[in-house]
Protein chains: 2
Amino acid sequence: MPTLTAAQRREQARVEYDAFIKGCPTNQLLDRLSDKWVSLVVAALSNGPMRYSDLSRKIAGVSPKMLTQTLRALERDGILTRTVTPSVPVRVDYALTPLGSSLAGLLTAVKAWAETHIEEVHEARERYDGTPG
Amino acid sequence: MPTLTAAQRREQARVEYDAFIKGCPTNQLLDRLSDKWVSLVVAALSNGPMRYSDLSRKIAGVSPKMLTQTLRALERDGILTRTVTPSVPVRVDYALTPLGSSLAGLLTAVKAWAETHIEEVHEARERYDGTPG
DNA sequence: AAGAGCTACTATCCATTGGTAAGTAGTTAC
DNA sequence: GTAACTACTTACCAATGGATAGTAGCTCTT
């Protein structure tokens with residue numbers, strides 16, 4: 001019988017770990033999450049499960065190597081599930097786990113921020129590049 | 001006299017751009033934001049301005065090269081400001097702009113997610129690695 | 001029945017990136 | 001005079017990431 005609820009244990013974990021510290025496991029996890037392909041894969045799956053070929057079409061520019069690598073890493077981390085249907089040809093579906101869904105909201109927010117504020121960033125770059133010195 | 005408010009223009013921008021598409025400027029911006037050092041620098045500055053040496057102490061493990069590189073890129077993108085005080089020795093302060101502050105909430109949320117859910121990720125990894133085949 | 005095409009990858013090569021470590025400049029404290 | 005503080009810059013090398021090509025098993029076309 002646990003003395004703490006799951007929520008309490010998570011809160012305690014957040015206090016004990018500090019992603020600012022090198023070597024802290026959360027530092028490595030943040031590194032994993034801070035990846036363009038991770039953001040795009042998780043954002044793509046937030047609307048529902050997708051097949052490998054669907055993902056490679058949706059995420060324009062991802063190579064099969066990086067897509068597989070990203071999917072395997074996220075599967076290992078419990079963020080998504082990989083389901084093989086032995087039809088002909090074989091069919092592989094990827095879907096977010098509840099853990100993955102809790103992350104998806106955050107990563108899609110970052111993606112949406114980029115899409116919303118890109119013009120402001122462009123203006124800032126022009127100001128910066130135009131400044132002599 | 002603009003026919004659209006700033007908020008309307010931002011919303012339109014979000015619809016016109018799609019970070020899933022390679023070559024789209026937002027795809028490159030997402031790549032920039034999806035960086036461990038960017039997350040940590042922006043999270044560190046979300047509590048107020050910091051000096052270069054403060055940041056390098058707070059963000060354990062960052063090399064001067066990567067810290068300067070990250071700070072310069074974020075300054076160019078209008079996410080933070082760099083203020084030199086010609087004291088002796090010289091003092092350089094970094095602070096988030098309003099644009100940077102709007103991003104900070106999102107990136108600190110991702111950092112907090114990593115700190116909160118690290119144990120679940122570890123358990124998932126053990127399950128995955130323990131599974132034969 | 002020969003060849004193209006579909007699926008989901010795997011493998012190889014090379015340019016770019018990122019990390020490590022050392023160097024720089026200007027001043028001050030000991 | 002030399003060690004220390006500030007905020008960097010530079011050089012080097014290993015690792016990562018991206019482009020491209022190959023694989024396996026089956027089906028559909030001609």
# chains A, B, ... in the order shown; residues from 1 in each chain; ligands from 1
$ closest_atom_pairs --of "chain B" --to "chain C" --cutoff "9 Å" --atoms "only C-alpha atoms (C1' of nucleotides)" --output "JSON lines"
{"residue": "B:Ser63", "atom": "CA", "partner": "C:DG19", "partner_atom": "C1'", "distance": 7.8}
{"residue": "B:Met66", "atom": "CA", "partner": "C:DG18", "partner_atom": "C1'", "distance": 8.2}
{"residue": "B:Val88", "atom": "CA", "partner": "C:DT27", "partner_atom": "C1'", "distance": 6.6}
{"residue": "B:Pro89", "atom": "CA", "partner": "C:DT27", "partner_atom": "C1'", "distance": 6.5}
$ select_by_dssp --residues "region 34-95 of chain A" --states "alpha helix (DSSP H)" --output "VMD selection string"
chain A and resid 36 to 45 52 to 58 64 to 76
$ calpha_fit_and_write --fixed "chain A" --moving "chain B" --output "CSV table (one decimal) with N, CA and C atoms, in the first residue's frame"
chain,number,residue,atom,x,y,z
B,1,MET,N,0.7,-1.1,0.1
B,1,MET,CA,-0.1,0.1,0.1
B,1,MET,C,0.8,1.4,0.1
B,2,PRO,N,0.7,2.2,-1.0
B,2,PRO,CA,1.5,3.3,-1.1
B,2,PRO,C,1.1,4.4,-0.1
B,3,THR,N,2.1,5.1,0.4
B,3,THR,CA,1.8,6.2,1.3
B,3,THR,C,1.6,7.5,0.6
B,4,LEU,N,1.9,7.5,-0.7
B,4,LEU,CA,1.7,8.7,-1.6
B,4,LEU,C,0.9,8.4,-2.8
B,5,THR,N,0.1,9.3,-3.2
B,5,THR,CA,-0.7,9.1,-4.4
B,5,THR,C,0.3,9.3,-5.6
B,6,ALA,N,-0.2,8.8,-6.8
B,6,ALA,CA,0.6,9.0,-8.0
B,6,ALA,C,1.0,10.4,-8.2
B,7,ALA,N,0.0,11.3,-8.1
B,7,ALA,CA,0.2,12.7,-8.3
B,7,ALA,C,1.3,13.3,-7.3
B,8,GLN,N,1.2,12.8,-6.1
B,8,GLN,CA,2.2,13.3,-5.1
B,8,GLN,C,3.6,12.8,-5.4
B,9,ARG,N,3.7,11.6,-5.9
B,9,ARG,CA,5.0,11.0,-6.3
B,9,ARG,C,5.6,11.8,-7.5
B,10,ARG,N,4.7,12.2,-8.4
B,10,ARG,CA,5.2,12.9,-9.6
B,10,ARG,C,5.7,14.3,-9.1
B,11,GLU,N,5.0,14.9,-8.2
B,11,GLU,CA,5.4,16.3,-7.7
B,11,GLU,C,6.7,16.2,-7.1
B,12,GLN,N,6.9,15.1,-6.3
B,12,GLN,CA,8.2,14.9,-5.6
B,12,GLN,C,9.3,14.7,-6.6
B,13,ALA,N,9.0,14.0,-7.6
B,13,ALA,CA,10.0,13.7,-8.7
B,13,ALA,C,10.5,15.0,-9.3
B,14,ARG,N,9.5,15.9,-9.6
B,14,ARG,CA,9.8,17.2,-10.2
B,14,ARG,C,10.7,18.0,-9.4
B,15,VAL,N,10.6,17.9,-8.0
B,15,VAL,CA,11.4,18.7,-7.1
B,15,VAL,C,12.8,18.1,-7.0
B,16,GLU,N,12.9,16.8,-7.0
B,16,GLU,CA,14.2,16.1,-6.9
B,16,GLU,C,15.1,16.2,-8.1
B,17,TYR,N,14.5,16.3,-9.3
B,17,TYR,CA,15.2,16.4,-10.5
B,17,TYR,C,15.3,17.8,-10.9
B,18,ASP,N,16.4,18.1,-11.6
B,18,ASP,CA,16.7,19.5,-12.1
B,18,ASP,C,17.4,19.4,-13.4
B,19,ALA,N,16.6,19.7,-14.5
B,19,ALA,CA,17.1,19.6,-15.8
B,19,ALA,C,18.3,20.5,-16.1
B,20,PHE,N,18.5,21.5,-15.2
B,20,PHE,CA,19.7,22.4,-15.4
B,20,PHE,C,21.0,21.7,-15.2
B,21,ILE,N,20.9,20.6,-14.4
B,21,ILE,CA,22.2,19.9,-14.0
B,21,ILE,C,22.6,18.9,-15.0
B,22,LYS,N,23.8,19.0,-15.5
B,22,LYS,CA,24.3,18.1,-16.5
B,22,LYS,C,24.4,16.7,-15.8
B,23,GLY,N,24.1,15.7,-16.6
B,23,GLY,CA,24.1,14.3,-16.1
B,23,GLY,C,22.8,13.9,-15.4
B,24,CYS,N,22.0,14.9,-15.0
B,24,CYS,CA,20.7,14.6,-14.5
B,24,CYS,C,19.9,13.9,-15.6
B,25,PRO,N,19.2,12.8,-15.2
B,25,PRO,CA,18.4,12.1,-16.2
B,25,PRO,C,17.5,13.0,-17.0
B,26,THR,N,16.9,14.0,-16.3
B,26,THR,CA,15.9,14.8,-17.0
B,26,THR,C,16.6,15.7,-18.0
B,27,ASN,N,17.9,16.0,-17.8
B,27,ASN,CA,18.7,16.8,-18.8
B,27,ASN,C,18.7,16.0,-20.1
B,28,GLN,N,19.0,14.7,-19.9
B,28,GLN,CA,19.0,13.8,-21.1
B,28,GLN,C,17.7,13.7,-21.8
B,29,LEU,N,16.6,13.6,-20.9
B,29,LEU,CA,15.3,13.5,-21.5
B,29,LEU,C,14.9,14.8,-22.2
B,30,LEU,N,15.3,15.9,-21.6
B,30,LEU,CA,15.0,17.2,-22.3
B,30,LEU,C,15.7,17.3,-23.7
B,31,ASP,N,16.9,16.7,-23.7
B,31,ASP,CA,17.7,16.7,-24.9
B,31,ASP,C,16.9,15.8,-26.0
B,32,ARG,N,16.3,14.7,-25.5
B,32,ARG,CA,15.6,13.9,-26.4
B,32,ARG,C,14.3,14.6,-27.0
B,33,LEU,N,13.6,15.3,-26.1
B,33,LEU,CA,12.4,16.0,-26.4
B,33,LEU,C,12.7,17.2,-27.3
B,34,SER,N,13.9,17.8,-27.1
B,34,SER,CA,14.2,19.0,-27.9
B,34,SER,C,14.8,18.6,-29.2
B,35,ASP,N,13.9,18.1,-30.1
B,35,ASP,CA,14.3,17.5,-31.4
B,35,ASP,C,13.2,17.9,-32.3
B,36,LYS,N,13.6,18.4,-33.5
B,36,LYS,CA,12.6,18.8,-34.5
B,36,LYS,C,11.7,17.6,-34.9
B,37,TRP,N,12.3,16.5,-35.1
B,37,TRP,CA,11.5,15.3,-35.6
B,37,TRP,C,10.6,14.8,-34.5
B,38,VAL,N,11.1,14.9,-33.2
B,38,VAL,CA,10.2,14.5,-32.1
B,38,VAL,C,9.0,15.4,-32.1
B,39,SER,N,9.2,16.7,-32.2
B,39,SER,CA,8.1,17.6,-32.1
B,39,SER,C,7.1,17.3,-33.3
B,40,LEU,N,7.6,17.1,-34.5
B,40,LEU,CA,6.7,16.9,-35.6
B,40,LEU,C,6.0,15.6,-35.5
B,41,VAL,N,6.7,14.5,-35.1
B,41,VAL,CA,6.0,13.2,-35.0
B,41,VAL,C,4.9,13.2,-34.0
B,42,VAL,N,5.2,13.8,-32.8
B,42,VAL,CA,4.2,13.8,-31.7
B,42,VAL,C,3.1,14.7,-32.1
B,43,ALA,N,3.4,15.8,-32.8
B,43,ALA,CA,2.3,16.7,-33.2
B,43,ALA,C,1.4,16.0,-34.3
B,44,ALA,N,2.0,15.3,-35.2
B,44,ALA,CA,1.3,14.6,-36.2
B,44,ALA,C,0.4,13.5,-35.6
B,45,LEU,N,0.9,12.8,-34.6
B,45,LEU,CA,0.1,11.8,-34.0
B,45,LEU,C,-1.0,12.3,-33.0
B,46,SER,N,-0.9,13.6,-32.7
B,46,SER,CA,-1.9,14.1,-31.7
B,46,SER,C,-3.3,14.1,-32.2
B,47,ASN,N,-3.5,14.0,-33.6
B,47,ASN,CA,-4.8,13.9,-34.2
B,47,ASN,C,-5.3,12.4,-34.3
B,48,GLY,N,-4.5,11.5,-33.9
B,48,GLY,CA,-4.9,10.1,-34.0
B,48,GLY,C,-3.8,9.3,-34.6
B,49,PRO,N,-3.9,7.9,-34.5
B,49,PRO,CA,-2.8,7.0,-35.0
B,49,PRO,C,-2.6,7.2,-36.5
B,50,MET,N,-1.3,7.0,-36.9
B,50,MET,CA,-0.9,7.1,-38.3
B,50,MET,C,0.0,5.9,-38.6
B,51,ARG,N,0.0,5.6,-39.9
B,51,ARG,CA,0.9,4.6,-40.4
B,51,ARG,C,2.3,5.2,-40.8
B,52,TYR,N,3.3,4.3,-40.9
B,52,TYR,CA,4.6,4.8,-41.2
B,52,TYR,C,4.6,5.7,-42.5
B,53,SER,N,4.0,5.2,-43.5
B,53,SER,CA,4.0,5.9,-44.8
B,53,SER,C,3.2,7.2,-44.7
B,54,ASP,N,2.1,7.2,-43.9
B,54,ASP,CA,1.4,8.4,-43.7
B,54,ASP,C,2.3,9.5,-43.0
B,55,LEU,N,3.0,9.1,-42.0
B,55,LEU,CA,3.9,10.0,-41.3
B,55,LEU,C,4.9,10.6,-42.2
B,56,SER,N,5.5,9.7,-43.1
B,56,SER,CA,6.6,10.2,-43.9
B,56,SER,C,6.1,11.1,-45.0
B,57,ARG,N,4.8,11.0,-45.3
B,57,ARG,CA,4.2,12.0,-46.3
B,57,ARG,C,3.9,13.3,-45.5
B,58,LYS,N,3.3,13.1,-44.4
B,58,LYS,CA,2.8,14.3,-43.6
B,58,LYS,C,4.0,15.2,-43.2
B,59,ILE,N,5.1,14.5,-42.7
B,59,ILE,CA,6.3,15.2,-42.3
B,59,ILE,C,7.2,15.3,-43.5
B,60,ALA,N,7.0,16.3,-44.3
B,60,ALA,CA,7.7,16.5,-45.5
B,60,ALA,C,9.2,16.7,-45.2
B,61,GLY,N,10.1,15.9,-45.8
B,61,GLY,CA,11.5,16.1,-45.6
B,61,GLY,C,12.2,15.2,-44.6
B,62,VAL,N,11.4,14.4,-44.0
B,62,VAL,CA,12.0,13.4,-43.1
B,62,VAL,C,12.5,12.2,-43.9
B,63,SER,N,13.7,11.7,-43.6
B,63,SER,CA,14.2,10.6,-44.3
B,63,SER,C,13.7,9.3,-43.5
B,64,PRO,N,13.6,8.2,-44.2
B,64,PRO,CA,13.2,7.0,-43.6
B,64,PRO,C,14.1,6.7,-42.4
B,65,LYS,N,15.4,6.9,-42.5
B,65,LYS,CA,16.3,6.7,-41.4
B,65,LYS,C,15.9,7.4,-40.1
B,66,MET,N,15.7,8.8,-40.3
B,66,MET,CA,15.4,9.6,-39.1
B,66,MET,C,14.0,9.3,-38.6
B,67,LEU,N,13.1,9.0,-39.5
B,67,LEU,CA,11.7,8.7,-39.0
B,67,LEU,C,11.7,7.4,-38.2
B,68,THR,N,12.4,6.3,-38.7
B,68,THR,CA,12.5,5.1,-37.9
B,68,THR,C,13.2,5.3,-36.6
B,69,GLN,N,14.3,6.0,-36.6
B,69,GLN,CA,15.1,6.3,-35.4
B,69,GLN,C,14.3,7.0,-34.4
B,70,THR,N,13.5,8.0,-34.8
B,70,THR,CA,12.7,8.8,-33.9
B,70,THR,C,11.6,8.0,-33.3
B,71,LEU,N,10.9,7.2,-34.2
B,71,LEU,CA,9.8,6.4,-33.7
B,71,LEU,C,10.3,5.3,-32.7
B,72,ARG,N,11.4,4.7,-33.0
B,72,ARG,CA,11.9,3.7,-32.1
B,72,ARG,C,12.2,4.3,-30.7
B,73,ALA,N,12.9,5.5,-30.7
B,73,ALA,CA,13.3,6.1,-29.5
B,73,ALA,C,12.0,6.5,-28.7
B,74,LEU,N,11.0,7.0,-29.3
B,74,LEU,CA,9.8,7.4,-28.7
B,74,LEU,C,9.0,6.2,-28.2
B,75,GLU,N,9.1,5.1,-28.9
B,75,GLU,CA,8.4,3.8,-28.5
B,75,GLU,C,9.1,3.3,-27.2
B,76,ARG,N,10.4,3.4,-27.2
B,76,ARG,CA,11.2,2.9,-26.0
B,76,ARG,C,10.9,3.7,-24.8
B,77,ASP,N,10.7,5.0,-25.0
B,77,ASP,CA,10.4,5.9,-23.9
B,77,ASP,C,8.9,5.9,-23.5
B,78,GLY,N,8.1,5.1,-24.1
B,78,GLY,CA,6.7,4.9,-23.7
B,78,GLY,C,5.8,6.1,-24.1
B,79,ILE,N,6.3,6.8,-25.2
B,79,ILE,CA,5.5,8.0,-25.6
B,79,ILE,C,4.5,7.5,-26.8
B,80,LEU,N,4.9,6.5,-27.5
B,80,LEU,CA,4.0,6.0,-28.5
B,80,LEU,C,4.1,4.5,-28.6
B,81,THR,N,3.1,3.9,-29.2
B,81,THR,CA,3.1,2.4,-29.4
B,81,THR,C,3.2,2.1,-30.9
B,82,ARG,N,3.8,0.9,-31.1
B,82,ARG,CA,4.0,0.5,-32.5
B,82,ARG,C,3.2,-0.8,-32.6
B,83,THR,N,2.3,-0.9,-33.6
B,83,THR,CA,1.5,-2.0,-33.8
B,83,THR,C,1.6,-2.5,-35.2
B,84,VAL,N,2.1,-3.8,-35.3
B,84,VAL,CA,2.2,-4.4,-36.6
B,84,VAL,C,1.0,-5.3,-36.9
B,85,THR,N,0.4,-5.0,-38.1
B,85,THR,CA,-0.7,-5.8,-38.6
B,85,THR,C,-0.1,-6.7,-39.7
B,86,PRO,N,-0.1,-8.0,-39.5
B,86,PRO,CA,0.6,-8.9,-40.6
B,86,PRO,C,-0.3,-9.1,-41.8
B,87,SER,N,-0.8,-8.0,-42.3
B,87,SER,CA,-1.5,-8.1,-43.6
B,87,SER,C,-0.5,-8.1,-44.7
B,88,VAL,N,-1.0,-8.1,-46.0
B,88,VAL,CA,-0.1,-8.1,-47.1
B,88,VAL,C,-0.5,-6.9,-48.0
B,89,PRO,N,0.5,-5.9,-48.1
B,89,PRO,CA,1.7,-5.9,-47.4
B,89,PRO,C,1.5,-5.5,-45.9
B,90,VAL,N,2.6,-5.7,-45.1
B,90,VAL,CA,2.5,-5.5,-43.7
B,90,VAL,C,2.1,-4.1,-43.4
B,91,ARG,N,1.4,-3.8,-42.3
B,91,ARG,CA,1.0,-2.5,-42.0
B,91,ARG,C,1.4,-2.2,-40.5
B,92,VAL,N,2.0,-1.0,-40.3
B,92,VAL,CA,2.5,-0.7,-39.0
B,92,VAL,C,1.8,0.6,-38.6
B,93,ASP,N,1.1,0.6,-37.4
B,93,ASP,CA,0.4,1.8,-36.9
B,93,ASP,C,1.2,2.3,-35.7
B,94,TYR,N,1.3,3.7,-35.7
B,94,TYR,CA,1.9,4.3,-34.5
B,94,TYR,C,0.8,5.2,-33.8
B,95,ALA,N,0.7,5.1,-32.5
B,95,ALA,CA,-0.3,5.9,-31.8
B,95,ALA,C,0.3,6.4,-30.5
B,96,LEU,N,-0.1,7.5,-30.0
B,96,LEU,CA,0.4,8.1,-28.8
B,96,LEU,C,-0.2,7.3,-27.6
B,97,THR,N,0.7,7.1,-26.6
B,97,THR,CA,0.2,6.5,-25.3
B,97,THR,C,-0.4,7.7,-24.5
B,98,PRO,N,-1.1,7.4,-23.4
B,98,PRO,CA,-1.5,8.5,-22.5
B,98,PRO,C,-0.4,9.5,-22.1
B,99,LEU,N,0.8,8.9,-21.8
B,99,LEU,CA,2.0,9.7,-21.5
B,99,LEU,C,2.3,10.6,-22.7
B,100,GLY,N,2.3,10.0,-23.9
B,100,GLY,CA,2.6,10.8,-25.1
B,100,GLY,C,1.6,11.9,-25.3
B,101,SER,N,0.3,11.6,-25.1
B,101,SER,CA,-0.7,12.6,-25.2
B,101,SER,C,-0.5,13.8,-24.3
B,102,SER,N,0.0,13.5,-23.1
B,102,SER,CA,0.2,14.6,-22.1
B,102,SER,C,1.4,15.5,-22.6
B,103,LEU,N,2.3,14.9,-23.4
B,103,LEU,CA,3.4,15.7,-24.0
B,103,LEU,C,2.9,16.4,-25.2
B,104,ALA,N,2.0,15.8,-26.0
B,104,ALA,CA,1.6,16.4,-27.3
B,104,ALA,C,1.1,17.8,-27.2
B,105,GLY,N,0.3,18.0,-26.1
B,105,GLY,CA,-0.2,19.4,-26.0
B,105,GLY,C,0.9,20.4,-25.9
B,106,LEU,N,2.0,20.1,-25.2
B,106,LEU,CA,3.1,21.0,-25.0
B,106,LEU,C,3.8,21.2,-26.3
B,107,LEU,N,4.1,20.1,-27.0
B,107,LEU,CA,4.9,20.3,-28.2
B,107,LEU,C,4.1,20.9,-29.4
B,108,THR,N,2.8,20.6,-29.5
B,108,THR,CA,2.0,21.3,-30.5
B,108,THR,C,1.9,22.8,-30.2
B,109,ALA,N,2.0,23.1,-28.9
B,109,ALA,CA,1.9,24.6,-28.5
B,109,ALA,C,3.2,25.3,-29.0
B,110,VAL,N,4.3,24.6,-28.9
B,110,VAL,CA,5.6,25.2,-29.4
B,110,VAL,C,5.6,25.3,-30.9
B,111,LYS,N,5.1,24.3,-31.6
B,111,LYS,CA,4.9,24.3,-33.0
B,111,LYS,C,4.0,25.4,-33.4
B,112,ALA,N,2.9,25.6,-32.7
B,112,ALA,CA,1.9,26.7,-33.1
B,112,ALA,C,2.6,28.0,-32.8
B,113,TRP,N,3.4,28.1,-31.7
B,113,TRP,CA,4.0,29.4,-31.4
B,113,TRP,C,4.9,29.8,-32.6
B,114,ALA,N,5.7,28.8,-33.1
B,114,ALA,CA,6.6,29.1,-34.3
B,114,ALA,C,5.8,29.6,-35.5
B,115,GLU,N,4.6,28.9,-35.7
B,115,GLU,CA,3.8,29.3,-36.9
B,115,GLU,C,3.1,30.7,-36.6
B,116,THR,N,2.9,31.0,-35.4
B,116,THR,CA,2.2,32.3,-35.1
B,116,THR,C,3.2,33.5,-35.1
B,117,HIS,N,4.4,33.3,-34.6
B,117,HIS,CA,5.3,34.4,-34.3
B,117,HIS,C,6.4,34.5,-35.3
B,118,ILE,N,6.4,33.7,-36.4
B,118,ILE,CA,7.4,33.7,-37.3
B,118,ILE,C,7.7,35.1,-37.9
B,119,GLU,N,6.6,35.8,-38.2
B,119,GLU,CA,6.8,37.1,-38.8
B,119,GLU,C,7.6,38.1,-37.8
B,120,GLU,N,7.2,38.0,-36.6
B,120,GLU,CA,7.9,38.9,-35.6
B,120,GLU,C,9.4,38.5,-35.5
B,121,VAL,N,9.7,37.2,-35.6
B,121,VAL,CA,11.1,36.7,-35.6
B,121,VAL,C,11.8,37.3,-36.9
B,122,HIS,N,11.1,37.2,-38.0
B,122,HIS,CA,11.7,37.7,-39.2
B,122,HIS,C,12.0,39.2,-39.1
B,123,GLU,N,11.1,40.0,-38.5
B,123,GLU,CA,11.3,41.4,-38.4
B,123,GLU,C,12.5,41.6,-37.4
B,124,ALA,N,12.6,40.8,-36.4
B,124,ALA,CA,13.7,41.0,-35.4
B,124,ALA,C,15.0,40.7,-36.1
B,125,ARG,N,15.0,39.7,-37.0
B,125,ARG,CA,16.3,39.3,-37.7
B,125,ARG,C,16.7,40.5,-38.7
B,126,GLU,N,15.7,41.1,-39.3
B,126,GLU,CA,16.1,42.2,-40.2
B,126,GLU,C,16.6,43.3,-39.5
B,127,ARG,N,16.0,43.6,-38.3
B,127,ARG,CA,16.6,44.7,-37.5
B,127,ARG,C,18.0,44.4,-37.1
B,128,TYR,N,18.2,43.2,-36.6
B,128,TYR,CA,19.5,42.7,-36.1
B,128,TYR,C,20.6,42.8,-37.2
B,129,ASP,N,20.2,42.2,-38.4
B,129,ASP,CA,21.2,42.1,-39.5
B,129,ASP,C,21.4,43.5,-40.1
B,130,GLY,N,20.4,44.4,-40.0
B,130,GLY,CA,20.5,45.8,-40.6
B,130,GLY,C,21.4,46.7,-39.7
B,131,THR,N,21.5,46.3,-38.4
B,131,THR,CA,22.2,47.2,-37.5
B,131,THR,C,23.7,47.1,-37.8
B,132,PRO,N,24.3,48.3,-38.1
B,132,PRO,CA,25.8,48.2,-38.4
B,132,PRO,C,26.5,47.9,-37.2
B,133,GLY,N,27.5,47.1,-37.3
B,133,GLY,CA,28.3,46.6,-36.2
B,133,GLY,C,27.6,45.5,-35.5
$ select_by_dssp --residues "region 6-127 of chain B" --states "strand (DSSP E or B)" --output "list in words"
Met50, Arg51, Leu80, Thr81, Arg82, Thr83, Val84, Thr85, Arg91, Val92, Asp93, Tyr94, Ala95 and Leu96 of chain B
$ interface_residues --of "chain D" --to "chain B" --cutoff "12 Å" --atoms "only C-alpha atoms (C1' of nucleotides)" --output "ChimeraX atom specification"
/D:4-10
$ write_last_selection --atoms "C-alpha atoms (C1' of nucleotides)" --output "mmCIF file, in the first residue's frame"
data_model
loop_
_atom_site.group_PDB
_atom_site.id
_atom_site.type_symbol
_atom_site.label_atom_id
_atom_site.label_comp_id
_atom_site.auth_asym_id
_atom_site.auth_seq_id
_atom_site.Cartn_x
_atom_site.Cartn_y
_atom_site.Cartn_z
ATOM 1 C "C1'" DA D 4 42.031 36.342 -11.168
ATOM 2 C "C1'" DC D 5 37.928 38.155 -13.014
ATOM 3 C "C1'" DT D 6 34.993 39.333 -16.934
ATOM 4 C "C1'" DA D 7 33.039 37.703 -21.512
ATOM 5 C "C1'" DC D 8 34.116 35.641 -24.854
ATOM 6 C "C1'" DT D 9 36.951 33.338 -29.494
ATOM 7 C "C1'" DT D 10 39.425 29.779 -31.878
#
